[in-house]
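Peer 1: Input structure: work26.cif, which contains mmCIF, C-alpha atoms.
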```cif
data_upload
#
loop_
_atom_site.group_PDB
_atom_site.id
_atom_site.type_symbol
_atom_site.label_atom_id
_atom_site.label_comp_id
_atom_site.auth_asym_id
_atom_site.auth_seq_id
_atom_site.Cartn_x
_atom_site.Cartn_y
_atom_site.Cartn_z
ATOM 1 C CA MET N 1 109.253 -67.480 -147.914
ATOM 2 C CA TYR N 2 109.940 -71.083 -148.956
ATOM 3 C CA PHE N 3 107.889 -74.218 -148.314
ATOM 4 C CA LYS N 4 109.494 -77.568 -149.183
ATOM 5 C CA LYS N 5 106.172 -79.369 -149.491
ATOM 6 C CA GLU N 6 104.822 -76.834 -151.958
ATOM 7 C CA LEU N 7 108.056 -76.857 -153.950
ATOM 8 C CA LYS N 8 107.233 -80.461 -154.876
ATOM 9 C CA GLU N 9 103.706 -79.779 -156.095
ATOM 10 C CA LYS N 10 103.108 -80.315 -159.807
ATOM 11 C CA VAL N 11 100.209 -77.847 -159.956
ATOM 12 C CA VAL N 12 100.944 -74.685 -157.999
ATOM 13 C CA SER N 13 97.928 -72.599 -156.971
ATOM 14 C CA LEU N 14 97.565 -69.024 -155.787
ATOM 15 C CA HIS N 15 94.340 -67.570 -154.401
ATOM 16 C CA SER N 16 93.630 -63.882 -153.850
ATOM 17 C CA GLY N 17 90.141 -62.645 -153.134
ATOM 18 C CA THR N 18 87.967 -64.272 -155.793
ATOM 19 C CA ALA N 19 90.863 -64.959 -158.182
ATOM 20 C CA LEU N 20 92.595 -68.284 -158.816
ATOM 21 C CA LEU N 21 95.909 -68.817 -160.595
ATOM 22 C CA GLN N 22 97.319 -72.265 -161.364
ATOM 23 C CA ILE N 23 100.771 -72.971 -162.789
ATOM 24 C CA ILE N 24 102.381 -76.213 -163.973
ATOM 25 C CA PRO N 25 106.157 -75.595 -163.830
ATOM 26 C CA GLU N 26 107.084 -78.988 -165.309
ATOM 27 C CA THR N 27 105.054 -78.284 -168.457
ATOM 28 C CA GLY N 28 106.924 -75.400 -170.005
ATOM 29 C CA GLY N 29 106.467 -73.086 -167.041
ATOM 30 C CA CYS N 30 102.862 -72.662 -168.169
ATOM 31 C CA ILE N 31 99.813 -71.122 -166.562
ATOM 32 C CA SER N 32 96.993 -73.665 -166.653
ATOM 33 C CA ARG N 33 94.202 -71.482 -165.270
ATOM 34 C CA TYR N 34 93.446 -67.869 -164.328
ATOM 35 C CA SER N 35 89.850 -67.413 -163.241
ATOM 36 C CA LEU N 36 87.584 -65.175 -161.225
ATOM 37 C CA THR N 37 84.534 -66.289 -159.241
ATOM 38 C CA THR N 38 81.930 -63.986 -157.698
ATOM 39 C CA ALA N 39 78.318 -64.444 -156.619
ATOM 40 C CA GLU N 40 77.198 -63.586 -160.170
ATOM 41 C CA HIS N 41 80.095 -64.764 -162.320
ATOM 42 C CA SER N 42 82.547 -67.594 -162.803
ATOM 43 C CA ILE N 43 84.874 -66.500 -165.578
ATOM 44 C CA ASP N 44 88.043 -67.968 -167.053
ATOM 45 C CA LEU N 45 90.112 -64.896 -167.892
ATOM 46 C CA LEU N 46 92.538 -67.161 -169.748
ATOM 47 C CA ARG N 47 91.481 -70.326 -171.555
ATOM 48 C CA PRO N 48 91.758 -73.152 -168.998
ATOM 49 C CA VAL N 49 93.645 -76.313 -169.846
ATOM 50 C CA SER N 50 91.455 -79.336 -170.534
ATOM 51 C CA HIS N 51 91.901 -82.641 -168.731
ATOM 52 C CA ALA N 52 93.271 -84.123 -171.966
ATOM 53 C CA GLY N 53 95.691 -81.216 -172.456
ATOM 54 C CA LYS N 54 96.957 -81.569 -168.899
ATOM 55 C CA ALA N 55 97.388 -85.326 -169.317
ATOM 56 C CA LYS N 56 99.355 -84.800 -172.544
ATOM 57 C CA GLN N 57 101.458 -82.069 -170.897
ATOM 58 C CA ASP N 58 100.933 -80.027 -174.034
ATOM 59 C CA PRO N 59 101.900 -76.326 -173.718
ATOM 60 C CA LEU N 60 99.720 -75.501 -176.717
ATOM 61 C CA GLU N 61 96.652 -76.443 -174.676
ATOM 62 C CA MET N 62 97.611 -74.430 -171.606
ATOM 63 C CA SER N 63 96.454 -70.922 -170.644
ATOM 64 C CA CYS N 64 99.751 -69.125 -171.261
ATOM 65 C CA PHE N 65 103.379 -70.020 -171.892
ATOM 66 C CA PRO N 66 106.619 -67.988 -171.882
ATOM 67 C CA LEU N 67 108.466 -67.012 -175.042
ATOM 68 C CA VAL N 68 112.221 -67.064 -174.399
ATOM 69 C CA PRO N 69 114.969 -66.529 -175.603
ATOM 70 C CA PHE N 70 112.956 -65.443 -178.625
ATOM 71 C CA SER N 71 109.339 -65.198 -179.704
ATOM 72 C CA ASN N 72 107.642 -66.368 -182.868
ATOM 73 C CA ARG N 73 109.755 -67.747 -185.721
ATOM 74 C CA ILE N 74 113.369 -67.811 -186.904
ATOM 75 C CA ARG N 75 113.460 -68.500 -190.625
ATOM 76 C CA ASN N 76 114.568 -72.089 -191.265
ATOM 77 C CA GLY N 77 115.987 -72.123 -187.730
ATOM 78 C CA GLN N 78 119.110 -70.315 -188.961
ATOM 79 C CA PHE N 79 120.775 -66.991 -188.269
ATOM 80 C CA SER N 80 124.221 -65.457 -187.860
ATOM 81 C CA PHE N 81 125.343 -63.581 -184.771
ATOM 82 C CA GLN N 82 128.666 -61.773 -184.565
ATOM 83 C CA GLY N 83 130.069 -63.932 -187.345
ATOM 84 C CA GLN N 84 128.878 -67.243 -185.878
ATOM 85 C CA GLU N 85 126.480 -69.328 -187.978
ATOM 86 C CA ILE N 86 123.760 -70.862 -185.814
ATOM 87 C CA LYS N 87 121.366 -73.639 -186.850
ATOM 88 C CA LEU N 88 118.592 -74.538 -184.445
ATOM 89 C CA PRO N 89 116.439 -77.674 -184.329
ATOM 90 C CA LEU N 90 113.073 -77.364 -186.027
ATOM 91 C CA ASN N 91 110.800 -77.751 -182.995
ATOM 92 C CA PHE N 92 107.290 -77.496 -184.428
ATOM 93 C CA ALA N 93 106.790 -80.033 -187.225
ATOM 94 C CA PRO N 94 105.751 -79.758 -189.984
ATOM 95 C CA GLU N 95 106.888 -76.103 -189.909
ATOM 96 C CA VAL N 96 110.294 -75.420 -191.452
ATOM 97 C CA HIS N 97 111.105 -72.673 -188.932
ATOM 98 C CA SER N 98 112.131 -72.725 -185.267
ATOM 99 C CA ILE N 99 109.379 -71.234 -183.139
ATOM 100 C CA HIS N 100 108.874 -69.673 -179.683
ATOM 101 C CA GLY N 101 112.321 -70.414 -178.226
ATOM 102 C CA HIS N 102 113.011 -72.973 -175.499
ATOM 103 C CA GLY N 103 111.000 -72.008 -172.409
ATOM 104 C CA TRP N 104 107.719 -73.583 -173.488
ATOM 105 C CA LYS N 105 109.405 -76.938 -174.220
ATOM 106 C CA VAL N 106 111.339 -77.511 -170.987
ATOM 107 C CA PRO N 107 110.464 -78.203 -167.335
ATOM 108 C CA TRP N 108 110.912 -75.331 -164.890
ATOM 109 C CA THR N 109 111.738 -75.544 -161.190
ATOM 110 C CA LEU N 110 109.626 -73.990 -158.467
ATOM 111 C CA THR N 111 111.987 -71.937 -156.288
ATOM 112 C CA GLU N 112 109.701 -69.707 -154.233
ATOM 113 C CA LYS N 113 106.087 -69.611 -153.094
ATOM 114 C CA SER N 114 104.223 -67.295 -150.742
ATOM 115 C CA GLU N 115 100.552 -66.368 -150.386
ATOM 116 C CA ASP N 116 100.516 -64.108 -153.436
ATOM 117 C CA ARG N 117 103.768 -64.832 -155.299
ATOM 118 C CA VAL N 118 105.394 -67.754 -157.123
ATOM 119 C CA VAL N 119 108.849 -67.872 -158.722
ATOM 120 C CA ILE N 120 109.973 -70.563 -161.157
ATOM 121 C CA GLU N 121 113.184 -70.811 -163.151
ATOM 122 C CA TYR N 122 115.311 -72.916 -165.421
ATOM 123 C CA SER N 123 118.946 -72.867 -166.483
ATOM 124 C CA TYR N 124 119.802 -73.466 -170.126
ATOM 125 C CA PRO N 125 123.207 -74.942 -171.070
ATOM 126 C CA ALA N 126 124.730 -74.027 -174.417
ATOM 127 C CA ASP N 127 124.039 -76.535 -177.220
ATOM 128 C CA GLU N 128 122.768 -75.854 -180.743
ATOM 129 C CA TRP N 129 121.808 -72.534 -179.205
ATOM 130 C CA PRO N 130 125.420 -71.748 -178.207
ATOM 131 C CA PHE N 131 124.583 -69.414 -175.312
ATOM 132 C CA SER N 132 123.883 -70.352 -171.706
ATOM 133 C CA TYR N 133 121.335 -68.412 -169.678
ATOM 134 C CA LEU N 134 119.100 -68.433 -166.622
ATOM 135 C CA VAL N 135 115.401 -67.543 -166.825
ATOM 136 C CA ARG N 136 113.001 -66.638 -164.018
ATOM 137 C CA GLN N 137 109.239 -66.199 -164.135
ATOM 138 C CA VAL N 138 107.527 -64.336 -161.334
ATOM 139 C CA PHE N 139 103.751 -64.632 -160.855
ATOM 140 C CA GLU N 140 102.007 -62.177 -158.506
ATOM 141 C CA LEU N 141 98.270 -62.392 -157.797
ATOM 142 C CA ARG N 142 96.679 -59.582 -155.833
ATOM 143 C CA ASP N 143 92.887 -59.296 -155.670
ATOM 144 C CA SER N 144 91.810 -59.961 -159.277
ATOM 145 C CA GLY N 145 95.025 -58.613 -160.816
ATOM 146 C CA LEU N 146 97.834 -60.782 -162.156
ATOM 147 C CA THR N 147 101.362 -59.559 -162.890
ATOM 148 C CA LEU N 148 103.811 -61.697 -164.874
ATOM 149 C CA THR N 149 107.529 -60.953 -165.049
ATOM 150 C CA LEU N 150 109.931 -62.834 -167.310
ATOM 151 C CA GLN N 151 113.666 -62.234 -166.796
ATOM 152 C CA ILE N 152 116.618 -63.726 -168.652
ATOM 153 C CA THR N 153 120.257 -63.444 -167.560
ATOM 154 C CA ASN N 154 123.223 -64.234 -169.791
ATOM 155 C CA THR N 155 125.311 -66.745 -167.813
ATOM 156 C CA GLY N 156 127.817 -67.323 -170.612
ATOM 157 C CA LYS N 157 131.101 -65.645 -171.514
ATOM 158 C CA THR N 158 129.991 -64.017 -174.776
ATOM 159 C CA ALA N 159 127.179 -61.739 -175.878
ATOM 160 C CA MET N 160 123.936 -63.400 -176.961
ATOM 161 C CA PRO N 161 120.899 -62.244 -178.943
ATOM 162 C CA VAL N 162 117.709 -62.198 -176.937
ATOM 163 C CA GLY N 163 114.000 -61.534 -177.050
ATOM 164 C CA LEU N 164 111.023 -62.562 -174.967
ATOM 165 C CA GLY N 165 107.283 -62.328 -174.557
ATOM 166 C CA PHE N 166 104.107 -64.034 -173.379
ATOM 167 C CA HIS N 167 101.681 -66.264 -175.293
ATOM 168 C CA PRO N 168 98.292 -66.130 -173.515
ATOM 169 C CA TYR N 169 95.189 -67.900 -174.846
ATOM 170 C CA PHE N 170 91.700 -66.473 -174.390
ATOM 171 C CA VAL N 171 88.253 -68.050 -174.636
ATOM 172 C CA ARG N 172 86.575 -67.167 -177.911
ATOM 173 C CA THR N 173 82.909 -66.211 -177.654
ATOM 174 C CA PRO N 174 80.683 -64.944 -180.499
ATOM 175 C CA LEU N 175 80.919 -61.325 -179.302
ATOM 176 C CA ALA N 176 84.502 -61.260 -177.986
ATOM 177 C CA THR N 177 86.525 -58.221 -179.095
ATOM 178 C CA ILE N 178 90.136 -56.991 -179.022
ATOM 179 C CA THR N 179 90.731 -53.241 -178.699
ATOM 180 C CA THR N 180 94.191 -51.694 -178.900
ATOM 181 C CA LYS N 181 96.101 -48.915 -180.655
ATOM 182 C CA THR N 182 98.775 -49.847 -183.170
ATOM 183 C CA GLU N 183 100.325 -48.054 -186.138
ATOM 184 C CA LYS N 184 101.432 -50.668 -188.660
ATOM 185 C CA MET N 185 101.256 -54.409 -189.312
ATOM 186 C CA TRP N 186 103.845 -56.808 -190.662
ATOM 187 C CA VAL N 187 102.319 -58.472 -193.720
ATOM 188 C CA ASN N 188 103.345 -62.137 -193.859
ATOM 189 C CA ASP N 189 104.178 -64.639 -196.550
ATOM 190 C CA ALA N 190 102.471 -68.034 -196.762
ATOM 191 C CA GLU N 191 104.714 -69.360 -193.951
ATOM 192 C CA ASN N 192 103.830 -66.549 -191.512
ATOM 193 C CA MET N 193 107.204 -64.882 -192.015
ATOM 194 C CA PRO N 194 107.300 -61.065 -192.307
ATOM 195 C CA LEU N 195 107.459 -59.464 -195.734
ATOM 196 C CA SER N 196 106.750 -55.776 -195.228
ATOM 197 C CA LEU N 197 105.623 -53.304 -192.561
ATOM 198 C CA GLU N 198 102.517 -51.486 -193.796
ATOM 199 C CA LYS N 199 99.557 -49.366 -192.802
ATOM 200 C CA VAL N 200 96.588 -51.687 -193.205
ATOM 201 C CA PRO N 201 92.841 -51.699 -192.367
ATOM 202 C CA GLU N 202 93.470 -54.180 -189.540
ATOM 203 C CA THR N 203 95.069 -51.446 -187.409
ATOM 204 C CA GLU N 204 91.880 -49.368 -187.555
ATOM 205 C CA LEU N 205 89.755 -52.427 -186.788
ATOM 206 C CA LEU N 206 91.818 -53.029 -183.652
ATOM 207 C CA ASN N 207 91.573 -49.366 -182.683
ATOM 208 C CA GLN N 208 87.766 -49.523 -182.922
ATOM 209 C CA GLY N 209 87.440 -52.986 -181.368
ATOM 210 C CA LEU N 210 88.038 -56.034 -183.552
ATOM 211 C CA LEU N 211 85.349 -58.692 -183.328
ATOM 212 C CA VAL N 212 87.431 -61.854 -183.011
ATOM 213 C CA GLY N 213 85.337 -63.734 -185.551
ATOM 214 C CA GLN N 214 85.499 -60.824 -187.980
ATOM 215 C CA GLN N 215 88.902 -61.647 -189.397
ATOM 216 C CA SER N 216 91.413 -64.485 -189.256
ATOM 217 C CA MET N 217 94.951 -63.237 -188.709
ATOM 218 C CA ASP N 218 98.346 -64.205 -187.329
ATOM 219 C CA ASN N 219 100.303 -60.965 -187.558
ATOM 220 C CA LEU N 220 102.651 -58.768 -185.586
ATOM 221 C CA PHE N 221 101.865 -55.080 -185.027
ATOM 222 C CA SER N 222 104.277 -52.224 -184.327
ATOM 223 C CA GLY N 223 103.660 -48.784 -182.850
ATOM 224 C CA TRP N 224 101.704 -50.468 -180.069
ATOM 225 C CA ASN N 225 100.703 -48.364 -177.041
ATOM 226 C CA ARG N 226 101.185 -51.393 -174.722
ATOM 227 C CA GLU N 227 97.528 -51.566 -173.717
ATOM 228 C CA VAL N 228 94.871 -54.063 -174.791
ATOM 229 C CA LEU N 229 91.269 -54.512 -173.756
ATOM 230 C CA ILE N 230 89.713 -57.947 -174.212
ATOM 231 C CA SER N 231 85.902 -57.792 -173.917
ATOM 232 C CA TRP N 232 83.321 -60.546 -173.548
ATOM 233 C CA PRO N 233 79.920 -58.774 -173.724
ATOM 234 C CA GLU N 234 78.075 -62.048 -173.078
ATOM 235 C CA TRP N 235 79.852 -62.284 -169.727
ATOM 236 C CA ARG N 236 79.698 -58.539 -169.032
ATOM 237 C CA ALA N 237 83.435 -58.792 -168.481
ATOM 238 C CA ASN N 238 86.627 -57.114 -169.676
ATOM 239 C CA LEU N 239 90.288 -57.901 -169.178
ATOM 240 C CA LYS N 240 92.692 -54.981 -169.358
ATOM 241 C CA ILE N 241 96.245 -55.924 -170.322
ATOM 242 C CA THR N 242 99.100 -53.491 -169.744
ATOM 243 C CA ALA N 243 102.690 -54.199 -170.727
ATOM 244 C CA ALA N 244 105.928 -52.373 -169.966
ATOM 245 C CA ALA N 245 108.836 -51.691 -172.294
ATOM 246 C CA PRO N 246 110.530 -53.517 -173.959
ATOM 247 C CA LEU N 247 107.310 -55.372 -174.877
ATOM 248 C CA ASP N 248 106.746 -52.926 -177.720
ATOM 249 C CA TYR N 249 105.175 -55.291 -180.253
ATOM 250 C CA LEU N 250 101.933 -57.236 -180.310
ATOM 251 C CA VAL N 251 101.010 -60.481 -182.050
ATOM 252 C CA VAL N 252 97.301 -60.993 -182.732
ATOM 253 C CA PHE N 253 96.276 -64.563 -183.574
ATOM 254 C CA THR N 254 92.607 -65.160 -184.394
ATOM 255 C CA PRO N 255 92.474 -68.569 -186.094
ATOM 256 C CA ALA N 256 89.279 -69.422 -187.901
ATOM 257 C CA GLU N 257 87.033 -72.134 -186.459
ATOM 258 C CA GLU N 258 88.916 -72.375 -183.164
ATOM 259 C CA GLU N 259 87.566 -71.875 -179.650
ATOM 260 C CA TYR N 260 90.412 -69.563 -178.644
ATOM 261 C CA PHE N 261 92.394 -66.526 -179.738
ATOM 262 C CA CYS N 262 95.761 -65.095 -178.673
ATOM 263 C CA VAL N 263 97.069 -61.601 -177.996
ATOM 264 C CA GLU N 264 100.814 -61.762 -177.337
ATOM 265 C CA PRO N 265 102.992 -58.908 -175.985
ATOM 266 C CA VAL N 266 106.547 -59.468 -177.274
ATOM 267 C CA SER N 267 109.836 -57.584 -177.383
ATOM 268 C CA HIS N 268 110.781 -58.038 -181.026
ATOM 269 C CA VAL N 269 109.660 -58.659 -184.588
ATOM 270 C CA THR N 270 109.373 -62.144 -186.054
ATOM 271 C CA ASP N 271 112.784 -63.299 -187.383
ATOM 272 C CA ALA N 272 114.417 -60.338 -185.629
ATOM 273 C CA PHE N 273 117.808 -62.049 -185.241
ATOM 274 C CA ASN N 274 118.229 -62.242 -189.002
ATOM 275 C CA MET N 275 117.201 -58.588 -189.263
ATOM 276 C CA LEU N 276 119.817 -57.768 -186.612
ATOM 277 C CA ASP N 277 122.470 -59.622 -188.623
ATOM 278 C CA ARG N 278 121.533 -57.673 -191.769
ATOM 279 C CA GLY N 279 121.952 -54.376 -189.938
ATOM 280 C CA GLU N 280 118.283 -53.435 -190.210
ATOM 281 C CA SER N 281 116.463 -51.320 -187.625
ATOM 282 C CA GLY N 282 113.090 -51.476 -185.886
ATOM 283 C CA HIS N 283 113.314 -55.173 -185.005
ATOM 284 C CA GLY N 284 113.592 -55.013 -181.205
ATOM 285 C CA ALA N 285 116.252 -57.747 -180.858
ATOM 286 C CA LYS N 286 118.768 -57.072 -178.076
ATOM 287 C CA LYS N 287 122.392 -58.047 -177.583
ATOM 288 C CA LEU N 288 122.810 -59.234 -174.005
ATOM 289 C CA LEU N 289 126.327 -59.062 -172.579
ATOM 290 C CA PRO N 290 127.685 -61.632 -170.095
ATOM 291 C CA GLY N 291 126.075 -61.110 -166.700
ATOM 292 C CA GLU N 292 123.407 -58.764 -168.057
ATOM 293 C CA SER N 293 119.682 -59.314 -167.559
ATOM 294 C CA PHE N 294 116.680 -58.441 -169.687
ATOM 295 C CA GLU N 295 113.056 -58.576 -168.576
ATOM 296 C CA GLY N 296 109.486 -57.967 -169.636
ATOM 297 C CA LYS N 297 106.390 -57.454 -167.522
ATOM 298 C CA VAL N 298 102.678 -57.648 -168.253
ATOM 299 C CA CYS N 299 99.686 -56.993 -165.987
ATOM 300 C CA PHE N 300 96.147 -58.385 -166.289
ATOM 301 C CA GLU N 301 93.244 -56.690 -164.539
ATOM 302 C CA ALA N 302 89.653 -57.941 -164.723
ATOM 303 C CA GLU N 303 86.704 -55.564 -165.003
ATOM 304 C CA LEU N 304 83.243 -57.011 -164.287
ATOM 305 C CA ASP N 305 79.914 -55.211 -164.686
#
```
If you convert what's in this file into structure tokens, what do you get?
Peer 2:
Amino acid sequence: MYFKKELKEKVVSLHSGTALLQIIPETGGCISRYSLTTAEHSIDLLRPVSHAGKAKQDPLEMSCFPLVPFSNRIRNGQFSFQGQEIKLPLNFAPEVHSIHGHGWKVPWTLTEKSEDRVVIEYSYPADEWPFSYLVRQVFELRDSGLTLTLQITNTGKTAMPVGLGFHPYFVRTPLATITTKTEKMWVNDAENMPLSLEKVPETELLNQGLLVGQQSMDNLFSGWNREVLISWPEWRANLKITAAAPLDYLVVFTPAEEEYFCVEPVSHVTDAFNMLDRGESGHGAKKLLPGESFEGKVCFEAELD
């Protein structure tokens, strides 16, 4: 169902039971708040945007933004695909790598809104990224549960490399933990680019429940079972996150001395397009033919004591 008045709103809100979801399509297709209010609790399940962050229209201060047509970094913004050399703008100064794709940097258009569902999209013309595509985000809020779907369609005449994911931010509390099962971690160089895939103590810490303040990391994990539990003992609250294939990798970002942390389900390894060009395996990058679509889905479900 479509509503012209709502299609013009800058902040789009969904309510379901005690849950609230707010989206700002014009700012990178971002979520700006996902919260739950009961008689005993008022909890931000994702870090809410501040007034200053909203005024600046800064995706990095939002609750969650989409990663498309790739996640994380491409080394020096350069890769080769089917014999074509591609050089992308460096979009995150002072970093020397391209990061997080296009979706978080462009305005999206609200195309559908009903009581429990919002659809936004944007169309990307070929430029330095020489592939055109259409992307849709679908937000569904039912009771306290939130489902996000990100779908990209190749609208060009040639194959294109593709990857996607989600970049949610969570409120960091002294006792907050991340629990998930993974097998190996990509060890990074000083520029957060992958060096080697190894079995490391961090995987066991995550399996047991990593205290967010216990260790600072910004790493990608493989062999992920597509389930994460975020716990805030102070709030007597948990958030269960479940992803579907092809979101087979997980980025865990726990920066020191920050009031947030990130747990990001993604479809490929950092710098996967260069791994694809070198003929390596285990990177998750996909070749999308003209007219083909590729999508990822993640579900959030709150658990309150």
Peer 1: Could you tell me which of N:Cys299, N:Ile99, N:Val251, N:Leu211 comes closest to Val266 in chain N if we count all atoms listed in the file?
Peer 2: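 Of the candidates, the smallest distance to Val266 in chain N is held by N:Val251.
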Peer 1: Quick check on the file I pasted: which residues fall under the PyMOL selection byres ((chain N and resi 104) around 6)? Write them as a ChimeraX atom specification.
Peer 2: /N:28,65-66,102-103,105-106
Peer 1: Excluding same-chain residues fewer than 2 positions from Leu46 in chain N, what lies within 6 Å of it counting only C-alpha atoms, as a ChimeraX atom specification?
Peer 2: /N:34,44,63,169-170
Peer 1: At what distance in Å, to one decimal, does CA of Lys157 in chain N lie from CA of Gly279 in chain N?
Peer 2: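 Interatomic distance here is 23.5 Å.
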Peer 1: Per residue of range 49-132 of chain N within 10 Å of range 147-151 of chain N, what are the shortest atom pair and its distance in Å to one decimal, counting all atoms listed in the file, with rows by chain and residue number, as JSON lines?
Peer 2:
```
{"residue": "N:Pro66", "atom": "CA", "partner": "N:Leu150", "partner_atom": "CA", "distance": 7.6}
{"residue": "N:Leu67", "atom": "CA", "partner": "N:Leu150", "partner_atom": "CA", "distance": 8.9}
{"residue": "N:Val68", "atom": "CA", "partner": "N:Leu150", "partner_atom": "CA", "distance": 8.6}
{"residue": "N:Pro69", "atom": "CA", "partner": "N:Gln151", "partner_atom": "CA", "distance": 9.9}
{"residue": "N:Arg117", "atom": "CA", "partner": "N:Thr147", "partner_atom": "CA", "distance": 9.6}
{"residue": "N:Val118", "atom": "CA", "partner": "N:Leu148", "partner_atom": "CA", "distance": 10.0}
{"residue": "N:Val119", "atom": "CA", "partner": "N:Thr149", "partner_atom": "CA", "distance": 9.5}
{"residue": "N:Ile120", "atom": "CA", "partner": "N:Leu150", "partner_atom": "CA", "distance": 9.9}
{"residue": "N:Glu121", "atom": "CA", "partner": "N:Gln151", "partner_atom": "CA", "distance": 9.3}
```
Peer 1: Using only C-alpha atoms, please write the residues we just selected to a file, as a tab-separated table (two decimals), in the coordinates of the input.
Peer 2:
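Wrote it out as part37.tsv, contents follow:
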```tsv
chain	number	residue	atom	x	y	z
N	66	PRO	CA	106.62	-67.99	-171.88
N	67	LEU	CA	108.47	-67.01	-175.04
N	68	VAL	CA	112.22	-67.06	-174.40
N	69	PRO	CA	114.97	-66.53	-175.60
N	117	ARG	CA	103.77	-64.83	-155.30
N	118	VAL	CA	105.39	-67.75	-157.12
N	119	VAL	CA	108.85	-67.87	-158.72
N	120	ILE	CA	109.97	-70.56	-161.16
N	121	GLU	CA	113.18	-70.81	-163.15
```
Peer 1: Using the chain letters and numbers from the file, give me the residues hit by the PyMOL selection byres ((chain N and resi 172) around 6), as a count of residues only.
Peer 2: 4
Peer 1: Any idea what the distance is between CA of Lys286 in chain N and CA of Ile86 in chain N?
Peer 2: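 The value is 16.6 Å.
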Peer 1: Residues around (92.6, -59.1, -174.3), cut-off 6 Å, counting only C-alpha atoms - what are they as a ChimeraX atom specification?
Peer 2: /N:178,228-230,239
Peer 1: What's the separation between CA of Ser16 in chain N and CA of Ser32 in chain N, in Å to one decimal place?
Peer 2: 16.5 Å
Peer 1: Which residues would end up in the selection if the PyMOL selection byres ((chain N and resi 240) around 12) were applied here, given that I need the answer as a count of residues only?
Peer 2: 30
Peer 1: Could you give me, as a count of residues only, the residues within 10 Å of Glu183 in chain N, counting all atoms listed in the file and dropping anything in the same chain fewer than 4 positions from it?
Peer 2: 13
Peer 1: Could you tell me which of N:Phe273, N:Trp186, N:Phe81, N:Phe294 comes closest to Thr158 in chain N if we count all atoms listed in the file?
Peer 2: N:Phe81
Peer 1: Taking the partial coordinates given, rebuild range 97-111 of chain N to contain N, CA and C atoms; return it as an mmCIF file, in the coordinates of the input.
Peer 2:
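Generated file (result-v7.cif):
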```
data_model
loop_
_atom_site.group_PDB
_atom_site.id
_atom_site.type_symbol
_atom_site.label_atom_id
_atom_site.label_comp_id
_atom_site.auth_asym_id
_atom_site.auth_seq_id
_atom_site.Cartn_x
_atom_site.Cartn_y
_atom_site.Cartn_z
ATOM 1 N N HIS N 97 110.447 -73.715 -189.715
ATOM 2 C CA HIS N 97 111.105 -72.673 -188.932
ATOM 3 C C HIS N 97 111.137 -73.074 -187.460
ATOM 4 N N SER N 98 112.145 -72.591 -186.729
ATOM 5 C CA SER N 98 112.131 -72.725 -185.267
ATOM 6 C C SER N 98 111.150 -71.711 -184.701
ATOM 7 N N ILE N 99 110.461 -72.089 -183.621
ATOM 8 C CA ILE N 99 109.379 -71.234 -183.139
ATOM 9 C C ILE N 99 109.373 -71.158 -181.614
ATOM 10 N N HIS N 100 109.181 -69.952 -181.099
ATOM 11 C CA HIS N 100 108.874 -69.673 -179.683
ATOM 12 C C HIS N 100 109.997 -69.961 -178.696
ATOM 13 N N GLY N 101 111.214 -70.250 -179.154
ATOM 14 C CA GLY N 101 112.321 -70.414 -178.226
ATOM 15 C C GLY N 101 112.307 -71.740 -177.499
ATOM 16 N N HIS N 102 112.840 -71.740 -176.267
ATOM 17 C CA HIS N 102 113.011 -72.973 -175.499
ATOM 18 C C HIS N 102 112.054 -73.105 -174.324
ATOM 19 N N GLY N 103 111.685 -71.976 -173.702
ATOM 20 C CA GLY N 103 111.000 -72.008 -172.409
ATOM 21 C C GLY N 103 109.751 -72.858 -172.377
ATOM 22 N N TRP N 104 108.991 -72.855 -173.470
ATOM 23 C CA TRP N 104 107.719 -73.583 -173.488
ATOM 24 C C TRP N 104 107.902 -75.082 -173.642
ATOM 25 N N LYS N 105 109.133 -75.521 -173.952
ATOM 26 C CA LYS N 105 109.405 -76.938 -174.220
ATOM 27 C C LYS N 105 110.146 -77.644 -173.095
ATOM 28 N N VAL N 106 110.502 -76.916 -172.027
ATOM 29 C CA VAL N 106 111.339 -77.511 -170.987
ATOM 30 C C VAL N 106 110.658 -77.414 -169.625
ATOM 31 N N PRO N 107 110.998 -78.306 -168.697
ATOM 32 C CA PRO N 107 110.464 -78.203 -167.335
ATOM 33 C C PRO N 107 111.164 -77.088 -166.565
ATOM 34 N N TRP N 108 110.390 -76.368 -165.763
ATOM 35 C CA TRP N 108 110.912 -75.331 -164.890
ATOM 36 C C TRP N 108 110.887 -75.841 -163.451
ATOM 37 N N THR N 109 111.648 -75.169 -162.596
ATOM 38 C CA THR N 109 111.738 -75.544 -161.190
ATOM 39 C C THR N 109 111.091 -74.472 -160.320
ATOM 40 N N LEU N 110 110.232 -74.909 -159.418
ATOM 41 C CA LEU N 110 109.626 -73.990 -158.467
ATOM 42 C C LEU N 110 110.648 -73.647 -157.389
ATOM 43 N N THR N 111 110.959 -72.355 -157.234
ATOM 44 C CA THR N 111 111.987 -71.937 -156.288
ATOM 45 C C THR N 111 111.450 -71.089 -155.145
#
```
